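> What follows is a single structure, and I will ask about it in a moment.
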Amino acid sequence: MATISDPPERGFRLSQLIFDTRYRSMTIQVVAMILIGLLLSWLISNTIHNLEALGKDFDFGFLSQPAGYDINQQLIDYNNQMTHGRAALVGILNTLLVAVLGCALATVLGVVAGVLRLSNNWIVSRLTAVYVEGFRNVPLLLWIVLIFALMTESMPTPRDFRGEDGSSMILGESVAITNRGVYIPNVVFSRSLGGNEVAAPEPEAPAAAAATTNMAGTYGASRIATGGAGVQTGQTDSAATTGAAEGSGAEGGEVIPTSSGWDWLLILAVLIAGSIGAKVLGKRATRIQEATGKRPTTLPLQIASVLVPLIVVLVLLGASLDKPELGGFNFDGGVHLRNSLIALWLALSLYTGAFIAEIVRGGILAISKGQTEAAYALGLRPGTTMNLVILPQALRVIIPPLISQFLNLTKNSSLAIAVGYMDVRSTLGGITINQTGRELEGMLLLGLFYLVLSLLISGVMNVYNSSVKLKER
Amino acid sequence: MSDTHAQTVAYVRDTMLDQQDPPLNQTGAVKWIRENLFSGWLNILLTLLSLWVIYAALSHLLPWALRGIWDASNLSQCREIIAELYGPDKPAACWAVLAERWPQLIFGFYPKELYWRPILAFLIFLAAVAPVLFSSVPRKMLWVSALAPFVLFWLIWGGSLWGPIAAILGFVIGWAILTFAAPKIGNLISVILAIVVPVIYWLTLCGPLAGALASVVPLSLQTVPTQNMGGFMLATIIGVSGIVLSLPLGILLALGRQSDMFIINKFSVAFIEIIRGVPLIVWLFTASLLLNYFLPPGTNFDLMLRVIIMVTLFSAAYIAEVVRGGLAALPKGQYEAADALGLDYWKSMRLIILPQALKISIPGIVNTFIGLFKDTTLVVFIGLLDPIGLSNSIRATTDWNGVYWELFVFIGLCFFIFCFSMGRYSLFLEKKLRREHR
C-alpha cells in the first residue's frame with residue numbers, strides 16, 4: 001500500500017523552547033541572563049539612589065588630596081602632606097613586603113617540616129606533627145595576636161640592655177630583640193651611588209652616622225622589592241637632624257656611610273648576572289657530559305661566578321655593617337623591624353608553613369616507591385635519585401597547591417589590622433576611608449588590588465603548571 | 001657429587017641447634033631506638049635537637065600551667081597568691097580568669113538566666129547532626145535534622161514560635177506542589193511553581209500569618225538581640241550556618257562552572273574568582289560598610305546575618321573549586337554511561353556523578369569547613385564579639401588587665417578541639433567510604 005513517509009515537517013512551536021533539548025539550554029541561558037541583568041541593575045539603581053540620598057558622588061578624586069596621616073613603616077618617601085594615592089601605594093608596598101618575606105620563610109619552614117614529618121626518626125616526626133596540627137587547627141588571628149603579645153610583653157625593654165647584668169644582644173652583639181621591635185644591622189656604603197654626606201670632623205660623627213640609617217623600614221629587602229630610591233625618611237630623630245645639619249655645614253671630615261636604592265639595584269643586578277653565569281657554566285658542563293660522558297667539576301666555578309663579582313662590588317661601594325647601638329632611651333642605627341611586622345611575618349609564615357608541610361609531604365608520598373626502586377636498579381645513587389627522579393615528579397604535585405598557599409598568605413596579610421601594621425587595608429581601606437568617607441570607592445579599589453594580585457599570581461601559576469605538566473601522547 | 005663433601009669433612013652435625021635469642025641490642029626497645037633514633041649522625045643530631053626542644057618547651061610550660069591559680073577574683077590578688085605560695089618572680093598561670101569569665105567566653109553577653117537555651121540548642125544540634133554524620137544512627141532521626149534549624153533559631157534568638165512555624169509552612173507548600181500537582185500539570189511547571197510559590201508566600205503572607213497566630217496564642221520566648229551574643233556561641237552559630245548553607249551553594253557553583261552553557265559558566269567563573277581573589281576581611285568590611293548602599297533605602301538587617309551571608313558566599317566559592325576538582329577527576333566514561341542510561345542532567349548528577357565526585361572531594365571540603373570555622377574569628381574587626389574579641393574586652397577590665405596567655409591558651413585549645421575533630425571525622429569518612437567501595 002502506501003509507503004509511510006516521514007512525519008510531516010512541523011514548524012517551530014513555542015513549547016520546543018522548554019521541551020526540546022536543542023533549544024532548552026538557550027532558553028535557560030536567556031532566562032539566567034535576564035535574571036542576572038535584573039539583579040545587577042537593581043543593585044546599581046539602589047546604589048545610585050543611596051548615594052543621591054547621602055549627597056555623595058562616585059569620584060576617585062580623593063586619591064589626589066593630601067592624606068594628612070602618618071604611616072609608621074614606609075618603603076618609599078612619604079609624609080602626611082602627600083596624597084591618599086601615595087599613602088595607598090605605601091600600604092601596597094607594605095603588603096607586598098610582608099607577603100614576600102612570609103612566602104620565603106613559609107616555604108623554608110614548610111619544606112623542612114614536610115620532609116621531617118616523613119623521617120624515620122619517631123621523635124622528630126611526632127614533633128613536626130604537633131607543629132603542623134597545632135598551627136593548622138588554631139585560627140591565624142590568634143597566632144598573630146599571641147606572637148605580638150609575646151613580643152611586647154615578654155621581651156626586654158631597650159633599657160634592660162644597659163649595664164652588665166642586663167639582657168644582651170645576640171649574634172655577635174648585632175641583633176637586639178626588644179619589646180619595641182627587633183633591631184638588626186644595616187648594610188651601608190661609604191661610596192654610595194646615591195652620594196654620601198660628609199660628617200663634621202668630631203664628636204657628632206658617630207651619632208649622625210648611626211642616625212641617618214635609622215629609618216623605619218628602609219632596609220635591604222624592601223629596596224630590592226621596590227627598586228625605588230630608599231630615600232631617608234621616616235622617624236629621623238633629633239640626633240639625626242642635628243647631626244645631618246652640622247654635617248652638611250662642616251667642611252671635610254669623615255664620610256657618612258649611607259645606602260641608596262641604586263646601591264641595592266646594582267647589587268641585585270650583579271647577583272642576577274652572577275647566577276646567569278652559573279647557569280651557563282652548568283649548561284656547558286651538561287653539553288660536555290653529553291658529548292664525552294664526563295662531567296667537568298663546575299660547583300666551585302659556579303659559586304665563584306656568583307660570589308666574586310658580589311664581593312668586588314661590595315668592596316667598591318665600601319660596604320660596612322651598621323650595628324644598632326643603645327642610644328638614649330632606644331637603639332640607634334641598624335634597621336628597626338617593628339613588632340607589628342615581626343608578629344605578622346612570623347605568624348603568617350608559621351601558619352602557612354604548616355599547610356605547606358602537608359603539601360610537601362603529600363607530594364613526596366604521591367611518588368610511588370617503584371620510582372625510587374627503578375632508579376636504584378639503574379644504578380643511581382640516593383642523591384641523584386632524589387634530584388633527577390623523585391623531585392621533578394613531586395614538584396609537579398607540589399607546585400600548584402603551593403602557589404595557592406602563597407595566594408592565601410598574601411590575602412591573609414590583611415589581618416595586619418590586628419597588630420596595626422600599615423598595609424594597604426589599613427591605609428587605603430582604613431584611614432583613607434574614614435577620613436574621606438568614600439567607602440564605596442575605597443573598598444572597590446582595595447578589592448581590585450587584591451583581585452588583580454590574585455589573578456596575576458594564578459596566571460603565572462597556570463603558565464608554570466602547563467610547562468611542567470605531564471606530556472601525554 | 002654430593003658425597004664428595006661428606007667424605008672430605010670429618011664430622012657433620014645431624015641435629016639442628018636450638019634457635020638462640022638474637023643479641024640484646026638487636027631486639028625490642030634497644031633495637032627500635034638504635035634504628036629509629038640513632039641510626040646516623042644526622043639522625044642523632046635531630047633526635048638530640050628535638051629532645052632539647054621538647055625539654056625547653058615543657059620546662060617553661062608545665063610549671064607555669066601546673067602551678068596555676070584557679071581561685072582569685074582579680075589579677076593582682078592572683079599574683080599575690082602566687083608570690084605567697086611559690087615566692088616572687090616564679091611563673092605561674094592565673095587560670096582564675098577562666099574560672100571567673102568562662103561563661104562570657106562561651107556565651108558572650110547572653111542573659112545569665114537564659115543560658116539553658118543555647119545549651120539546649122547545642123544538644124539539639126548534636127542530635128541533628130548525628131544522623132547526617134554517622135550512618136549507624138537511625139534514619140528517622142533525619143526528621144530532627146530537618147526541623148532543627150527552625151527550633152535552634154527560635155531557641156537562640158527567642159521571639160514567637162509562630163515565625164519559624166510559618167516559615168516551615170513555605171517548605172510544606174513547595175513539597176505539596178511537587179507531590180500532588182506534578183501529575184496534573186507536568187514536572188517542569190511544578191518544579192518552577194514549587195520554587196516560586198513559597199518565595200511569594202515568604203515575602204508576603206508569612207509575616208502577617210505569624211503575627212496573627214502569635215496574637216491568638218502567644219508561644220514566645222524572651223527575645224535576645226544579636227549584640228548580646230558572643231564568644232564560642234557566636235563562632236559556632238556563624239560557622240555552622242556557613243557550613244550548612246555553603247555546601248549546596250558551592251555544589252551548584254561547581255556544576256555551573258562545569259556547565260556547557262556559556263552564560264551560566266562565565267557567571268560562575270566570575271563569581272568564584274572574584275570571591276576567592278579578595279580576602280575575607282575585605283568582604284566582611286563590605287558587608288558592614290557597603291551593604292546598605294546596594295539595598296533599597298531603609299533596609300537594615302542584622303549584622304550577624306550579613307556576616308553569615310558573606311561567610312557563606314566566601315566558603316561556597318572555595319567549595320566550588322574543591323568540588324570542581326572532584327568532578328574533573330571522574331573519568332569521562334561515568335558521564336557517558338549516565339547519558340547512555342537515558343538519565344536527564346539532574347538525575348545523572350544526583351545518582352551517578354555527584355556521589356563519586358563528592359567522595360573524592362571530602363578532604364578538601366572538610367578543610368574548607370575548618371578554614372571557615374577558624375575565619376569566624378575575623379568578625380571581631382567589624383564589631384562582633386568572637387572569643388578573641390572577648391579576650392580583649394576581658395583584658396580591658398581593671399580586674400584582669402594584663403592577662404594574655406591564659407586566655408589565648410583556652411581559646412586556642414577550644415578551636416584546636418573543634419577543628420582537629422573535624423579533620424579526624426574527614427579521615428574516618430574517607431576510610432569508611434573506601435571500605436564500602438571495595
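Ordering of the C-alpha cells sets the chain letters (A, B, ...), residue numbers begin anew at 1 in every chain, and ligands are numbered from 1 in the order given.
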Which chain B residues have any atom within 6 Å of an atom of chain A, and for each, what is the nearest pair of atoms with distance in Å to one decimal, counting only C-alpha atoms, rows sorted by chain and number, as a Markdown table?

| residue | atom | partner | partner_atom | distance |
| --- | --- | --- | --- | --- |
| B:Asn36 | CA | A:Asn121 | CA | 4.9 |
| B:Leu37 | CA | A:Asn121 | CA | 5.2 |
| B:Gly277 | CA | A:Leu451 | CA | 4.5 |
| B:Val278 | CA | A:Tyr450 | CA | 5.3 |
| B:Pro279 | CA | A:Lys411 | CA | 5.0 |
| B:Tyr293 | CA | A:Thr47 | CA | 4.9 |
| B:Phe294 | CA | A:Thr47 | CA | 5.0 |
| B:Leu295 | CA | A:Asn46 | CA | 5.8 |
| B:Pro296 | CA | A:Asn46 | CA | 5.4 |
| B:Lys374 | CA | A:Pro139 | CA | 4.8 |
| B:Gly412 | CA | A:Val138 | CA | 5.7 |
| B:Phe415 | CA | A:Val138 | CA | 5.6 |
| B:Phe416 | CA | A:Asn137 | CA | 5.0 |
| B:Cys419 | CA | A:Asn137 | CA | 5.3 |
> As number ranges by chain, please: the residues near Leu14 (chain A) (cut-off 12 Å, only C-alpha atoms, same-chain neighbours under 4 positions excluded).
A: 10, 18-20, 23-24, 27
> Taking the backbone alone, and naming residues the way the document does, which bits of region 208-363 of chain B are helix (DSSP H, G or I) by DSSP, as a ChimeraX atom specification?
/B:208-216,226-228,231-258,262-277,280-294,303-329,332-340,345-363
> So what do you get for CA of Met82 (chain A) versus CA of Leu337 (chain A), distance-wise?
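So the answer is 23.8 Å.
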> Determine the nearest neighbour of Glu406 (chain B) from the options B:Ile54, B:Ile394, B:Leu327, B:Leu358, counting only C-alpha atoms.
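Nearest to Glu406 (chain B): B:Ile394.
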> Have a look at CA of Cys103 (chain A) and CA of Val424 (chain A) and let me know their distance in Å, one decimal.
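These two atoms are separated by 17.8 Å.
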> Measuring between only C-alpha atoms, which one of B:Pro355, B:Pro208, B:Gly108, B:Gly239 shows the shortest distance to Gly389 (chain B)?
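Using only C-alpha atoms, Gly389 (chain B) sits closest to B:Gly108.
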> Need to verify the contact set: Val360 (chain A), 8 Å, only C-alpha atoms, exclusion of same-chain residues closer than 5 positions in sequence. Can you return it as a list in words?
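That gives Gly110, Val111, Gly114, Val115 and Ile398 of chain A.
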> Neighbours of Leu101 (chain A) within 10 Å (only C-alpha atoms; same-chain residues fewer than 2 positions away dropped), as a PyMOL selection string?
chain A and resi 96-99+103-106+221-222+345-346+348-349
> I need the residues from that last selection saved to file as a PDB file, in the first residue's frame (with C-alpha atoms), if you can.

ATOM      1  CA  LEU A  96      53.874  43.084  49.292  1.00  0.00           C
ATOM      2  CA  LEU A  97      56.821  43.247  51.684  1.00  0.00           C
ATOM      3  CA  VAL A  98      55.214  41.096  54.345  1.00  0.00           C
ATOM      4  CA  ALA A  99      53.844  38.774  51.666  1.00  0.00           C
ATOM      5  CA  CYS A 103      56.273  33.326  51.419  1.00  0.00           C
ATOM      6  CA  ALA A 104      60.039  32.889  51.666  1.00  0.00           C
ATOM      7  CA  LEU A 105      60.058  31.852  55.321  1.00  0.00           C
ATOM      8  CA  ALA A 106      56.919  29.734  54.975  1.00  0.00           C
ATOM      9  CA  ALA A 221      64.887  43.584  51.188  1.00  0.00           C
ATOM     10  CA  SER A 222      62.475  46.424  50.857  1.00  0.00           C
ATOM     11  CA  TRP A 345      55.558  37.876  59.415  1.00  0.00           C
ATOM     12  CA  LEU A 346      56.248  35.080  61.894  1.00  0.00           C
ATOM     13  CA  LEU A 348      51.876  34.105  58.636  1.00  0.00           C
ATOM     14  CA  SER A 349      54.989  32.051  57.948  1.00  0.00           C
TER      15      SER A 349
END
> With only C-alpha atoms as the counted atoms, please give the residues lying no more than 12 Å from Trp143 (chain B), apart from itself and same-chain residues fewer than 5 positions off, as a list in words.
Ile124, Ala127, Ala128, Val129, Ala130, Pro131, Val132, Pro138, Ala148 and Pro149 of chain B
> Any idea what's packed within 12 Å of Met233 (chain B), counting only C-alpha atoms, ignoring anything in its chain fewer than 6 positions away? Could you give it as a VMD selection string?
chain B and resid 102 to 110 115 117 to 119 121 to 122 156 226 239 to 240 373 376 to 377 384 to 387 390 414
> Next, write the just-selected residues to a file, as an mmCIF file, in the first residue's frame, keeping N, CA and C atoms as the atom set.

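For reference, part_34.cif as written:
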data_model
loop_
_atom_site.group_PDB
_atom_site.id
_atom_site.type_symbol
_atom_site.label_atom_id
_atom_site.label_comp_id
_atom_site.auth_asym_id
_atom_site.auth_seq_id
_atom_site.Cartn_x
_atom_site.Cartn_y
_atom_site.Cartn_z
ATOM 1 N N TRP B 102 34.583 32.246 82.230
ATOM 2 C CA TRP B 102 34.293 31.300 81.156
ATOM 3 C C TRP B 102 32.894 31.443 80.576
ATOM 4 N N PRO B 103 31.869 31.815 81.387
ATOM 5 C CA PRO B 103 30.558 31.966 80.744
ATOM 6 C C PRO B 103 30.597 33.027 79.649
ATOM 7 N N GLN B 104 31.387 34.085 79.897
ATOM 8 C CA GLN B 104 31.464 35.147 78.897
ATOM 9 C C GLN B 104 32.165 34.666 77.636
ATOM 10 N N LEU B 105 33.242 33.901 77.824
ATOM 11 C CA LEU B 105 33.969 33.413 76.654
ATOM 12 C C LEU B 105 33.095 32.488 75.831
ATOM 13 N N ILE B 106 32.170 31.811 76.477
ATOM 14 C CA ILE B 106 31.350 30.850 75.738
ATOM 15 C C ILE B 106 30.066 31.483 75.223
ATOM 16 N N PHE B 107 29.399 32.273 76.052
ATOM 17 C CA PHE B 107 28.085 32.798 75.652
ATOM 18 C C PHE B 107 28.095 34.275 75.302
ATOM 19 N N GLY B 108 29.199 34.973 75.499
ATOM 20 C CA GLY B 108 29.175 36.409 75.296
ATOM 21 C C GLY B 108 28.359 37.076 76.382
ATOM 22 N N PHE B 109 27.506 38.009 75.990
ATOM 23 C CA PHE B 109 26.685 38.710 76.978
ATOM 24 C C PHE B 109 25.243 38.204 76.965
ATOM 25 N N TYR B 110 25.075 36.956 76.619
ATOM 26 C CA TYR B 110 23.755 36.332 76.662
ATOM 27 C C TYR B 110 23.253 36.369 78.108
ATOM 28 N N TYR B 115 20.887 30.887 79.978
ATOM 29 C CA TYR B 115 21.940 30.025 79.447
ATOM 30 C C TYR B 115 21.400 28.672 79.004
ATOM 31 N N ARG B 117 19.048 27.999 77.232
ATOM 32 C CA ARG B 117 18.592 27.967 75.844
ATOM 33 C C ARG B 117 19.702 27.603 74.865
ATOM 34 N N PRO B 118 20.846 28.338 74.880
ATOM 35 C CA PRO B 118 21.918 27.887 73.986
ATOM 36 C C PRO B 118 22.405 26.473 74.290
ATOM 37 N N ILE B 119 22.397 26.099 75.574
ATOM 38 C CA ILE B 119 22.863 24.742 75.901
ATOM 39 C C ILE B 119 21.923 23.708 75.294
ATOM 40 N N ALA B 121 19.985 24.228 72.811
ATOM 41 C CA ALA B 121 20.139 24.327 71.357
ATOM 42 C C ALA B 121 21.332 23.498 70.906
ATOM 43 N N PHE B 122 22.406 23.551 71.693
ATOM 44 C CA PHE B 122 23.600 22.803 71.312
ATOM 45 C C PHE B 122 23.314 21.304 71.340
ATOM 46 N N ILE B 156 17.560 30.248 70.243
ATOM 47 C CA ILE B 156 18.680 31.162 70.484
ATOM 48 C C ILE B 156 18.232 32.613 70.446
ATOM 49 N N THR B 226 21.051 40.237 68.869
ATOM 50 C CA THR B 226 22.326 39.676 68.413
ATOM 51 C C THR B 226 23.519 40.273 69.137
ATOM 52 N N GLY B 239 29.764 29.706 62.135
ATOM 53 C CA GLY B 239 30.431 28.597 61.471
ATOM 54 C C GLY B 239 29.449 27.564 60.963
ATOM 55 N N VAL B 240 28.527 27.149 61.829
ATOM 56 C CA VAL B 240 27.606 26.070 61.435
ATOM 57 C C VAL B 240 26.669 26.543 60.327
ATOM 58 N N PHE B 373 35.510 27.810 59.868
ATOM 59 C CA PHE B 373 35.307 27.916 61.317
ATOM 60 C C PHE B 373 36.385 28.781 61.946
ATOM 61 N N THR B 376 35.848 32.510 61.452
ATOM 62 C CA THR B 376 34.819 33.228 62.202
ATOM 63 C C THR B 376 35.444 34.206 63.185
ATOM 64 N N THR B 377 36.746 34.011 63.516
ATOM 65 C CA THR B 377 37.379 34.955 64.450
ATOM 66 C C THR B 377 37.516 36.336 63.830
ATOM 67 N N LEU B 384 31.724 42.379 66.078
ATOM 68 C CA LEU B 384 31.060 41.284 66.777
ATOM 69 C C LEU B 384 32.051 40.694 67.776
ATOM 70 N N LEU B 385 31.526 40.171 68.881
ATOM 71 C CA LEU B 385 32.419 39.726 69.943
ATOM 72 C C LEU B 385 32.691 38.234 69.836
ATOM 73 N N ASP B 386 33.660 37.892 69.002
ATOM 74 C CA ASP B 386 34.063 36.499 68.931
ATOM 75 C C ASP B 386 34.992 36.225 70.116
ATOM 76 N N PRO B 387 35.462 34.990 70.337
ATOM 77 C CA PRO B 387 36.289 34.722 71.516
ATOM 78 C C PRO B 387 37.487 35.657 71.637
ATOM 79 N N LEU B 390 36.383 38.951 72.784
ATOM 80 C CA LEU B 390 36.033 38.920 74.210
ATOM 81 C C LEU B 390 37.279 38.903 75.070
ATOM 82 N N CYS B 414 40.264 25.383 72.573
ATOM 83 C CA CYS B 414 38.893 25.132 72.126
ATOM 84 C C CYS B 414 38.841 25.010 70.609
#
> Which of region 287-343 of chain A end up as strand (DSSP E or B) when DSSP is run on this backbone - answer as a ChimeraX atom specification?
/A:319-322,325-326,331-332,335-338
> Expressed in Å to a single decimal, how great is the separation between CA of Ile267 (chain A) and CA of Val313 (chain A)?
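According to the coordinates, CA of Ile267 (chain A) and CA of Val313 (chain A) are separated by 7.1 Å.
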> Using only C-alpha atoms, can you tell me which of B:Gln222, B:Gln356, B:Gln26, B:Gln19 comes closest to Pro331 (chain B)?
B:Gln356
> Give the answer as one residue: which of B:Ala72, B:Gly87, B:Asn401, B:Val151 has the shortest atom-to-atom distance to Glu100 (chain B), using only C-alpha atoms?
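Smallest distance to Glu100 (chain B) is found for B:Ala72.
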> Using only C-alpha atoms, which of B:Val379, B:Ser288, B:Ile388, B:Ile243 sits nearest Val366 (chain B)?
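The answer is B:Ile243, which sits nearest to Val366 (chain B).
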> Excluding same-chain residues fewer than 2 positions from Ser220 (chain B), what lies within 6 Å of it counting only C-alpha atoms, as a list in words?
Gly159, Ser160, Leu161 and Pro218 of chain B
> Go ahead and write the residues just picked, N, CA, C and O atoms, as a short mmCIF file (atom, residue, chain, number, x, y, z; two decimals), in the first residue's frame.

data_model
loop_
_atom_site.label_atom_id
_atom_site.label_comp_id
_atom_site.auth_asym_id
_atom_site.auth_seq_id
_atom_site.Cartn_x
_atom_site.Cartn_y
_atom_site.Cartn_z
N GLY B 159 11.67 35.04 70.75
CA GLY B 159 10.58 35.55 69.94
C GLY B 159 9.47 34.52 69.86
O GLY B 159 9.44 33.53 70.60
N SER B 160 8.57 34.76 68.92
CA SER B 160 7.40 33.88 68.83
C SER B 160 7.74 32.60 68.08
O SER B 160 8.49 32.61 67.10
N LEU B 161 7.18 31.50 68.53
CA LEU B 161 7.39 30.22 67.85
C LEU B 161 6.70 30.21 66.50
O LEU B 161 7.04 29.44 65.61
N PRO B 218 0.05 33.33 72.03
CA PRO B 218 1.44 33.77 72.07
C PRO B 218 2.36 32.70 72.66
O PRO B 218 2.41 32.53 73.87
#
